[in-house]
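Participant: Data file run-v1.cif (mmCIF, C-alpha atoms) is appended below.
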data_protein
loop_
_atom_site.label_atom_id
_atom_site.label_comp_id
_atom_site.auth_asym_id
_atom_site.auth_seq_id
_atom_site.Cartn_x
_atom_site.Cartn_y
_atom_site.Cartn_z
CA HIS A 42 -11.23 0.17 88.25
CA PRO A 43 -12.73 -1.02 84.91
CA CYS A 44 -15.74 1.33 85.03
CA LEU A 45 -13.49 4.36 85.28
CA ALA A 46 -11.60 3.22 82.24
CA LEU A 47 -14.90 2.86 80.35
CA GLY A 48 -15.94 6.34 81.45
CA SER A 49 -12.91 7.91 79.80
CA TYR A 50 -13.54 5.75 76.77
CA PHE A 51 -17.06 7.07 76.40
CA SER A 52 -16.38 10.71 77.25
CA VAL A 53 -18.21 13.35 75.21
CA ASP A 54 -15.05 14.69 73.60
CA THR A 55 -13.91 11.24 72.53
CA ILE A 56 -17.32 10.39 71.09
CA ILE A 57 -17.49 13.65 69.10
CA MET A 58 -13.96 13.10 67.80
CA ARG A 59 -14.73 9.50 66.76
CA VAL A 60 -18.01 10.48 65.05
CA THR A 61 -16.28 13.32 63.21
CA LEU A 62 -13.44 11.05 62.14
CA SER A 63 -15.91 8.39 60.98
CA CYS A 64 -17.86 10.96 58.95
CA LEU A 65 -14.68 12.21 57.32
CA LEU A 66 -13.59 8.69 56.41
CA LEU A 67 -17.03 7.81 55.02
CA SER A 68 -17.13 10.97 52.91
CA ALA A 69 -13.61 10.29 51.60
CA PHE A 70 -14.61 6.74 50.60
CA ALA A 71 -17.80 8.07 49.00
CA VAL A 72 -15.91 10.61 46.90
CA ALA A 73 -13.32 8.02 45.88
CA SER A 74 -15.97 5.48 44.92
CA MET A 75 -17.88 8.08 42.88
CA ALA A 76 -14.81 8.56 40.71
CA PHE A 77 -15.07 4.92 39.56
CA ALA A 78 -18.88 4.73 39.35
CA PRO A 79 -20.54 4.95 35.93
CA THR A 80 -22.26 8.18 35.13
CA THR A 81 -26.02 8.02 35.07
CA SER A 82 -26.72 11.38 33.52
CA LYS A 83 -28.48 11.22 30.16
CA GLN A 84 -26.53 12.64 27.28
CA THR A 85 -28.21 13.48 24.03
CA VAL A 86 -26.12 12.65 21.00
CA VAL A 87 -26.73 14.75 17.94
CA SER A 88 -25.41 13.12 14.79
CA LEU A 89 -24.87 15.34 11.83
CA GLN A 90 -25.74 13.81 8.49
CA MET A 91 -23.35 15.88 6.43
CA GLY A 92 -20.58 15.09 4.03
CA TYR A 93 -18.05 16.96 1.99
CA VAL A 94 -19.47 18.87 -0.94
CA PRO A 95 -17.17 21.25 -2.86
CA ASP A 96 -18.16 24.89 -3.16
CA GLY A 97 -20.30 25.60 -6.19
CA MET A 98 -21.74 22.07 -6.40
CA THR A 99 -24.94 20.62 -5.05
CA PRO A 100 -24.79 17.29 -3.20
CA GLU A 101 -26.42 15.60 -6.22
CA GLN A 102 -23.83 17.05 -8.62
CA TRP A 103 -21.00 15.97 -6.31
CA LYS A 104 -22.40 12.43 -6.04
CA ARG A 105 -22.75 12.22 -9.84
CA HIS A 106 -19.15 13.46 -10.25
CA GLN A 107 -17.88 10.84 -7.78
CA GLU A 108 -19.72 8.06 -9.64
CA GLU A 109 -18.21 9.18 -12.96
CA GLU A 110 -14.72 9.17 -11.43
CA LYS A 111 -15.31 5.71 -9.97
CA LYS A 112 -16.31 4.39 -13.42
CA LYS A 113 -13.19 5.91 -15.00
CA MET A 114 -10.94 4.34 -12.35
CA ALA A 115 -12.58 0.94 -12.75
CA ARG A 116 -11.64 0.91 -16.45
CA LYS A 117 -7.99 1.60 -15.73
CA ASN A 118 -5.57 -1.21 -15.11
CA PHE A 119 -3.00 0.57 -12.96
CA ALA A 120 0.46 -0.87 -13.56
CA ALA A 121 -0.81 -4.40 -14.15
CA LEU A 122 2.05 -4.97 -16.57
CA GLY A 123 4.43 -2.20 -15.63
CA PRO A 124 4.26 1.58 -15.78
CA GLN A 125 1.48 3.19 -17.78
CA SER A 126 3.09 6.60 -18.40
CA PHE A 127 5.45 5.18 -21.01
CA LYS A 128 5.56 2.07 -23.15
CA SER A 129 8.49 -0.09 -22.19
CA ARG A 130 9.90 -3.34 -23.50
CA SER A 131 10.78 -6.49 -21.61
CA LEU A 132 14.11 -6.71 -19.83
CA GLN A 133 14.92 -9.90 -21.72
CA SER A 134 14.46 -8.11 -25.04
CA PHE A 135 16.57 -5.15 -23.92
CA GLN A 136 19.38 -7.41 -22.71
CA THR A 137 19.34 -9.40 -25.94
CA ASP A 138 19.64 -6.23 -28.03
CA LEU A 139 22.27 -4.81 -25.64
CA GLU A 140 24.45 -7.92 -26.11
CA LYS A 141 24.06 -7.64 -29.90
CA GLY A 142 24.99 -3.94 -29.82
CA LYS A 143 21.55 -2.81 -31.02
CA ALA A 144 20.64 -1.00 -27.77
CA ASP A 145 22.41 1.28 -25.29
CA HIS A 146 21.80 2.23 -21.69
CA LEU A 147 19.51 5.25 -21.46
CA LEU A 148 20.72 7.96 -19.13
CA PRO A 149 18.60 10.99 -18.22
CA VAL A 150 19.24 14.22 -20.09
CA MET A 151 19.51 17.38 -18.02
CA PHE A 152 17.12 20.22 -19.02
CA ALA A 153 15.76 18.04 -21.82
CA LYS A 154 12.64 20.09 -22.62
CA ASP A 155 14.59 23.34 -22.84
CA ARG A 156 17.32 21.77 -24.96
CA VAL A 157 14.75 20.26 -27.37
CA LYS A 158 13.02 23.68 -27.70
CA LYS A 159 16.36 25.37 -28.42
CA GLY A 160 17.21 22.71 -31.03
CA GLU A 161 20.34 21.51 -29.22
CA ILE A 162 19.08 17.92 -29.19
CA LYS A 163 16.38 15.94 -30.99
CA GLU A 164 13.35 14.59 -29.13
CA THR A 165 14.60 11.05 -29.81
CA ASP A 166 17.77 11.85 -27.85
CA VAL A 167 15.67 12.11 -24.69
CA PRO A 168 15.10 8.64 -23.16
CA TYR A 169 11.53 7.43 -23.67
CA MET A 170 10.94 7.05 -19.92
CA GLN A 171 11.90 10.69 -19.36
CA ARG A 172 9.70 12.04 -22.14
CA GLY A 173 6.81 9.65 -21.34
CA GLY A 174 6.90 7.97 -24.74
CA ASN A 175 7.53 4.57 -26.32
CA TRP A 176 10.79 2.65 -26.40
CA ASP A 177 10.56 2.28 -30.19
CA ASP A 178 10.18 6.08 -30.73
CA SER A 179 6.74 5.57 -32.31
CA ASP A 180 5.45 8.49 -30.22
CA VAL A 181 7.82 10.99 -31.91
CA LYS A 182 6.57 12.39 -35.21
CA GLY A 183 9.01 11.96 -38.06
CA ALA A 184 11.36 9.71 -36.08
CA LYS A 185 12.58 6.38 -37.40
CA LYS A 186 10.82 3.61 -35.50
CA LYS A 187 13.15 1.08 -33.85
CA ALA A 188 12.78 -2.53 -34.98
CA TRP A 189 11.01 -5.05 -32.75
CA ASN A 190 12.56 -8.47 -32.20
CA GLN A 191 10.69 -11.72 -31.53
CA ILE A 192 10.83 -11.19 -27.76
CA ASP A 193 9.20 -7.75 -28.12
CA LYS A 194 6.39 -9.23 -30.21
CA LYS A 195 5.80 -12.04 -27.70
CA HIS A 196 5.84 -9.60 -24.77
CA GLU A 197 3.35 -7.28 -26.50
CA SER A 198 0.99 -10.17 -27.30
CA MET A 199 0.93 -11.20 -23.61
CA LYS A 200 -0.09 -7.76 -22.32
CA GLY A 201 -3.82 -8.32 -22.73
CA ASN A 202 -3.73 -11.72 -21.03
CA LYS A 203 -3.68 -11.31 -17.25
CA LYS A 204 -2.56 -14.89 -16.66
CA SER A 205 0.35 -14.74 -19.08
CA ILE A 206 2.90 -13.10 -16.77
CA ASP A 207 2.87 -14.27 -13.16
CA TRP A 208 4.34 -11.23 -11.40
CA THR A 209 3.24 -12.34 -7.94
CA GLY A 210 4.01 -16.07 -8.15
CA ARG A 211 0.47 -16.94 -7.04
CA GLN A 212 -0.90 -18.44 -10.24
CA ALA A 213 -1.44 -22.18 -10.55
CA ARG A 214 1.50 -24.12 -11.89
CA SER A 215 1.43 -26.79 -14.56
CA GLY A 216 4.02 -29.26 -15.75
CA GLY A 217 6.75 -30.94 -13.77
CA PRO A 218 8.33 -29.93 -10.50
CA THR A 219 9.71 -26.42 -10.33
CA SER A 220 12.89 -27.22 -8.46
CA ALA A 221 15.39 -30.00 -8.09
CA MET A 222 14.49 -30.26 -4.42
CA GLN A 223 10.88 -31.15 -5.28
CA SER A 224 11.90 -33.74 -7.84
CA SER A 225 14.14 -35.56 -5.40
CA GLU A 226 11.72 -35.77 -2.51
CA LYS A 227 12.39 -39.34 -1.48
CA LYS A 228 12.36 -40.48 2.10
CA PRO A 229 15.77 -41.63 3.25
CA ALA A 230 16.02 -45.23 4.39
CA THR A 231 15.60 -45.51 8.13
CA LYS A 232 18.72 -46.63 9.91
CA LYS A 233 18.72 -48.55 13.13
CA LEU A 234 21.11 -48.82 16.03
CA PHE A 235 22.58 -45.32 16.21
CA GLY A 236 22.51 -44.83 12.43
CA MET A 237 25.22 -47.44 11.78
CA PHE A 238 23.13 -50.23 10.30
#
For this file, produce the structure as structure tokens.
Facilitator:
Amino acid sequence: HPCLALGSYFSVDTIIMRVTLSCLLLSAFAVASMAFAPTTSKQTVVSLQMGYVPDGMTPEQWKRHQEEEKKKMARKNFAALGPQSFKSRSLQSFQTDLEKGKADHLLPVMFAKDRVKKGEIKETDVPYMQRGGNWDDSDVKGAKKKAWNQIDKKHESMKGNKKSIDWTGRQARSGGPTSAMQSSEKKPATKKLFGMF
């Protein structure tokens, strides 16, 4: 009979079990949804207005020191035309003198400072790049200065002019085309009928 079936469906044990199961499921969903919900608690953020100041200096002294350093760095032209620790010559000039026999390849000297102090070698025997000097030995007292050729003089005169040597290839060009490909940029005649005529 259908009423008997409904009676077992609505028995006290079944109802308690279903209510308990429903409560457990609802609480599980609530906990899971809370994990993805934004937090509403107010957090106070304390920002510290501090910076680095070396020991023994006041913040004003440190700021003044930083400004002085910034001014010094602004005046420097770091490697705009090559290394600044030694005075070099252009590669073209070196190769020209090398071909004429006026220059040699400079190889590093082992223990150069010690050997110069002992008198085993002269300071001019140490390559200028290693000693931090000039290619023409003008930095060594009493040394005979090497002669400059026309390429050296031209290279030295260009050092103050930033636009004279285009190291990056980004400066504006003047004159004719720079390559044969640019000079021969003509459109080929259009051919018809499969390129035969």
Participant: How many Å lie between atom CA of Gln171 of chain A and atom CA of Pro149 of chain A, rounded to one decimal?
Facilitator: 6.8 Å
Participant: To one decimal place in Å, what is the distance between atom CA of Asp166 of chain A and atom CA of Lys185 of chain A?
Facilitator: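 Going from atom CA of Asp166 of chain A over to atom CA of Lys185 of chain A covers 12.2 Å.
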Participant: Which distance in Å separates atom CA of Arg116 of chain A and atom CA of Gly174 of chain A, to one decimal?
Facilitator: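 Going from atom CA of Arg116 of chain A over to atom CA of Gly174 of chain A covers 21.5 Å.
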Participant: Which residues are near Ala144 of chain A? Cut-off 12 Å, only C-alpha atoms, ignore same chain within fewer than 2 positions. Put them as a list in words.
Facilitator: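 Everything that qualifies: Arg130, Leu132, Ser134, Phe135, Gln136, Thr137, Asp138, Leu139, Glu140, Lys141, Gly142, His146, Leu147, Trp176, Asp177, Lys187, Ala188, Trp189 and Asn190 of chain A.
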Participant: What does the PyMOL selection byres ((chain A and resi 180-183) around 12) select in this file, as a compact mmCIF listing (two decimals) with C-alpha atoms, keeping the file's coordinate frame?
Facilitator:
# COMPACT_ATOMS: atom_id res chain seq x y z
CA PHE A 127 5.45 5.18 -21.01
CA LYS A 128 5.56 2.07 -23.15
CA LYS A 163 16.38 15.94 -30.99
CA GLU A 164 13.35 14.59 -29.13
CA THR A 165 14.60 11.05 -29.81
CA ASP A 166 17.77 11.85 -27.85
CA VAL A 167 15.67 12.11 -24.69
CA PRO A 168 15.10 8.64 -23.16
CA TYR A 169 11.53 7.43 -23.67
CA MET A 170 10.94 7.05 -19.92
CA ARG A 172 9.70 12.04 -22.14
CA GLY A 173 6.81 9.65 -21.34
CA GLY A 174 6.90 7.97 -24.74
CA ASN A 175 7.53 4.57 -26.32
CA TRP A 176 10.79 2.65 -26.40
CA ASP A 177 10.56 2.28 -30.19
CA ASP A 178 10.18 6.08 -30.73
CA SER A 179 6.74 5.57 -32.31
CA ALA A 184 11.36 9.71 -36.08
CA LYS A 185 12.58 6.38 -37.40
CA LYS A 186 10.82 3.61 -35.50
CA LYS A 187 13.15 1.08 -33.85
Participant: Identify which of the residues A:Tyr93, A:Glu161, A:Ser131, A:Met151 lies closest to Gln191 of chain A, counting all atoms listed in the file when measuring atom-to-atom distances.
Facilitator: A:Ser131
